[in-house]
Amino acid sequence: MASVIEKDVYYVCQRCTNCCRWPGDVILEEGEAEKIAAFLGMPVEDFIQEHTHLSANRKHLSLLENPDHSCVWLEGKDCRLQEVKPRQCAGFPNEWNFKDWRKWCEAIPVKKEEETRN
């Protein structure tokens, strides 16, 4: 269940990578597999075959995860796909989140008018 998105607050990511360690699908939107494959210098068909699976709802491609549910693209505190990471990753927690997400996420809340000045 999603929590309410605060309209006047922007959360500044601290790159704690806790969101990269939660179980669940990281859905690839249209064009994202192609963008990631190009970034990695590989054919999109190979990227899809080697690095994705069908999501739980069987409607989308999802990135693979490690046995501990962390993202396979996570290296320490760095995302190997940072420049081209999926919108789902880039949008958390400002575009979407879930109940009790603040228990794990270290993002700092900033009033939007302050965030737009920086």
# chains A, B, ... in the order shown; residues from 1 in each chain; ligands from 1
call {"tool": "select_by_dssp", "arguments": {"residues": "region 40-117 of chain A", "states": "strand (DSSP E)", "output": "JSON, numbers by chain"}}
result
{"A": [52, 53, 54, 61, 62, 63, 74, 75, 78, 79, 108, 109, 110, 111]}
call {"tool": "residues_around", "arguments": {"residues": "Trp22 (chain A)", "least_positions_apart": "2", "cutoff": "9 Å", "atoms": "only C-alpha atoms", "output": "list of chain:residue names"}}
result
A:Asn18, A:Cys19, A:Cys20, A:Gly24, A:Asp68, A:His69, A:Ser70, A:Cys71
call {"tool": "residues_around", "arguments": {"residues": "region 44-58 of chain A", "least_positions_apart": "2", "cutoff": "12 Å", "atoms": "only C-alpha atoms", "output": "MDAnalysis selection string"}}
result
chainID A and resid 23:29 31:42 60:66 71:73
call {"tool": "write_last_selection", "arguments": {"atoms": "C-alpha atoms", "output": "tab-separated table (two decimals), in the first residue's frame"}}
result
chain	number	residue	atom	x	y	z
A	23	PRO	CA	12.62	-7.34	-2.10
A	24	GLY	CA	10.30	-6.80	-5.02
A	25	ASP	CA	10.19	-6.09	-8.72
A	26	VAL	CA	12.06	-3.21	-10.30
A	27	ILE	CA	9.84	-2.75	-13.33
A	28	LEU	CA	11.40	-1.56	-16.58
A	29	GLU	CA	9.27	0.97	-18.43
A	31	GLY	CA	12.58	2.04	-23.63
A	32	GLU	CA	14.50	1.46	-20.39
A	33	ALA	CA	15.90	-1.94	-21.38
A	34	GLU	CA	17.24	-0.40	-24.59
A	35	LYS	CA	18.78	2.53	-22.71
A	36	ILE	CA	20.46	0.29	-20.14
A	37	ALA	CA	21.71	-2.12	-22.80
A	38	ALA	CA	23.23	0.76	-24.79
A	39	PHE	CA	24.88	2.08	-21.62
A	40	LEU	CA	26.36	-1.37	-20.98
A	41	GLY	CA	27.43	-1.73	-24.62
A	42	MET	CA	25.46	-4.88	-25.26
A	60	HIS	CA	6.53	-6.36	-17.37
A	61	LEU	CA	10.24	-7.01	-17.40
A	62	SER	CA	11.93	-6.61	-14.05
A	63	LEU	CA	15.62	-6.39	-13.13
A	64	LEU	CA	17.10	-9.48	-11.53
A	65	GLU	CA	17.93	-9.41	-7.83
A	66	ASN	CA	20.46	-11.24	-5.69
A	71	CYS	CA	19.78	-5.29	-6.67
A	72	VAL	CA	22.41	-7.03	-8.79
A	73	TRP	CA	23.57	-3.61	-10.00
call {"tool": "residues_around", "arguments": {"residues": "region 100-114 of chain A", "least_positions_apart": "2", "cutoff": "9 Å", "atoms": "only C-alpha atoms", "output": "ChimeraX atom specification"}}
result
/A:3,7-19,93,97-98,116-118
call {"tool": "select_by_dssp", "arguments": {"residues": "chain A", "states": "helix (DSSP H, G or I)", "output": "PyMOL selection string"}}
result
chain A and resi 18-21+32-40+44-51+82-84+87-90+101-103+112-117
call {"tool": "write_last_selection", "arguments": {"atoms": "C-alpha atoms", "output": "mmCIF file, in the first residue's frame"}}
result
data_model
loop_
_atom_site.group_PDB
_atom_site.id
_atom_site.type_symbol
_atom_site.label_atom_id
_atom_site.label_comp_id
_atom_site.auth_asym_id
_atom_site.auth_seq_id
_atom_site.Cartn_x
_atom_site.Cartn_y
_atom_site.Cartn_z
ATOM 1 C CA ASN A 18 18.356 0.790 1.572
ATOM 2 C CA CYS A 19 15.808 0.997 -1.247
ATOM 3 C CA CYS A 20 18.184 -1.094 -3.379
ATOM 4 C CA ARG A 21 18.023 -3.875 -0.805
ATOM 5 C CA GLU A 32 14.501 1.460 -20.394
ATOM 6 C CA ALA A 33 15.902 -1.942 -21.380
ATOM 7 C CA GLU A 34 17.242 -0.404 -24.586
ATOM 8 C CA LYS A 35 18.775 2.532 -22.709
ATOM 9 C CA ILE A 36 20.459 0.292 -20.135
ATOM 10 C CA ALA A 37 21.715 -2.123 -22.798
ATOM 11 C CA ALA A 38 23.232 0.757 -24.788
ATOM 12 C CA PHE A 39 24.884 2.081 -21.617
ATOM 13 C CA LEU A 40 26.357 -1.369 -20.978
ATOM 14 C CA VAL A 44 19.199 -5.327 -25.902
ATOM 15 C CA GLU A 45 18.234 -8.961 -26.502
ATOM 16 C CA ASP A 46 21.263 -10.121 -24.505
ATOM 17 C CA PHE A 47 20.524 -7.651 -21.694
ATOM 18 C CA ILE A 48 16.923 -8.864 -21.454
ATOM 19 C CA GLN A 49 17.971 -12.524 -21.500
ATOM 20 C CA GLU A 50 20.794 -12.154 -18.967
ATOM 21 C CA HIS A 51 19.606 -9.414 -16.594
ATOM 22 C CA GLN A 82 23.178 5.376 -11.839
ATOM 23 C CA GLU A 83 23.259 7.319 -15.131
ATOM 24 C CA VAL A 84 20.470 5.208 -16.664
ATOM 25 C CA ARG A 87 12.428 5.516 -13.386
ATOM 26 C CA GLN A 88 11.103 3.369 -10.546
ATOM 27 C CA CYS A 89 14.470 3.707 -8.805
ATOM 28 C CA ALA A 90 14.933 7.380 -9.626
ATOM 29 C CA TRP A 101 9.104 3.683 4.037
ATOM 30 C CA ARG A 102 10.626 6.319 6.360
ATOM 31 C CA LYS A 103 11.731 3.558 8.759
ATOM 32 C CA LYS A 112 9.992 22.423 -2.168
ATOM 33 C CA GLU A 113 10.661 26.156 -2.320
ATOM 34 C CA GLU A 114 14.062 25.522 -0.657
ATOM 35 C CA GLU A 115 14.829 22.609 -2.984
ATOM 36 C CA THR A 116 14.116 24.664 -6.129
ATOM 37 C CA ARG A 117 16.573 27.387 -5.053
#
call {"tool": "atom_distance", "arguments": {"atom1": "CA of Glu6 (chain A)", "atom2": "CA of Asp78 (chain A)"}}
result
27.3 Å
call {"tool": "atom_distance", "arguments": {"atom1": "CA of Glu30 (chain A)", "atom2": "CA of Lys59 (chain A)"}}
result
12.0 Å
call {"tool": "decode", "arguments": {"residues": "region 62-113 of chain A", "atoms": "C-alpha atoms", "output": "CSV table (one decimal), in the first residue's frame"}}
result
chain,number,residue,atom,x,y,z
A,62,SER,CA,11.9,-6.6,-14.0
A,63,LEU,CA,15.6,-6.4,-13.1
A,64,LEU,CA,17.1,-9.5,-11.5
A,65,GLU,CA,17.9,-9.4,-7.8
A,66,ASN,CA,20.5,-11.2,-5.7
A,67,PRO,CA,19.4,-14.1,-3.4
A,68,ASP,CA,19.3,-11.6,-0.5
A,69,HIS,CA,16.9,-9.4,-2.6
A,70,SER,CA,19.4,-6.7,-3.2
A,71,CYS,CA,19.8,-5.3,-6.7
A,72,VAL,CA,22.4,-7.0,-8.8
A,73,TRP,CA,23.6,-3.6,-10.0
A,74,LEU,CA,24.5,-2.4,-6.5
A,75,GLU,CA,28.2,-2.3,-5.7
A,76,GLY,CA,28.7,-1.2,-2.1
A,77,LYS,CA,26.9,2.1,-2.0
A,78,ASP,CA,27.1,2.7,-5.7
A,79,CYS,CA,24.6,1.9,-8.5
A,80,ARG,CA,26.4,0.7,-11.6
A,81,LEU,CA,23.3,2.0,-13.6
A,82,GLN,CA,23.2,5.4,-11.8
A,83,GLU,CA,23.3,7.3,-15.1
A,84,VAL,CA,20.5,5.2,-16.7
A,85,LYS,CA,18.7,3.7,-13.7
A,86,PRO,CA,15.0,2.8,-14.1
A,87,ARG,CA,12.4,5.5,-13.4
A,88,GLN,CA,11.1,3.4,-10.5
A,89,CYS,CA,14.5,3.7,-8.8
A,90,ALA,CA,14.9,7.4,-9.6
A,91,GLY,CA,11.4,8.2,-8.5
A,92,PHE,CA,11.6,6.8,-5.0
A,93,PRO,CA,10.4,8.3,-2.6
A,94,ASN,CA,9.2,11.5,-4.4
A,95,GLU,CA,7.1,9.9,-7.1
A,96,TRP,CA,6.1,6.7,-5.2
A,97,ASN,CA,6.7,5.1,-1.8
A,98,PHE,CA,5.0,2.7,0.5
A,99,LYS,CA,3.7,2.5,4.0
A,100,ASP,CA,6.4,2.9,6.6
A,101,TRP,CA,9.1,3.7,4.0
A,102,ARG,CA,10.6,6.3,6.4
A,103,LYS,CA,11.7,3.6,8.8
A,104,TRP,CA,14.4,2.5,6.2
A,105,CYS,CA,15.0,5.5,3.9
A,106,GLU,CA,17.5,8.2,5.0
A,107,ALA,CA,16.4,10.8,2.5
A,108,ILE,CA,16.2,14.3,3.9
A,109,PRO,CA,12.9,16.2,3.6
A,110,VAL,CA,13.3,19.7,2.2
A,111,LYS,CA,10.5,22.2,1.6
A,112,LYS,CA,10.0,22.4,-2.2
A,113,GLU,CA,10.7,26.2,-2.3
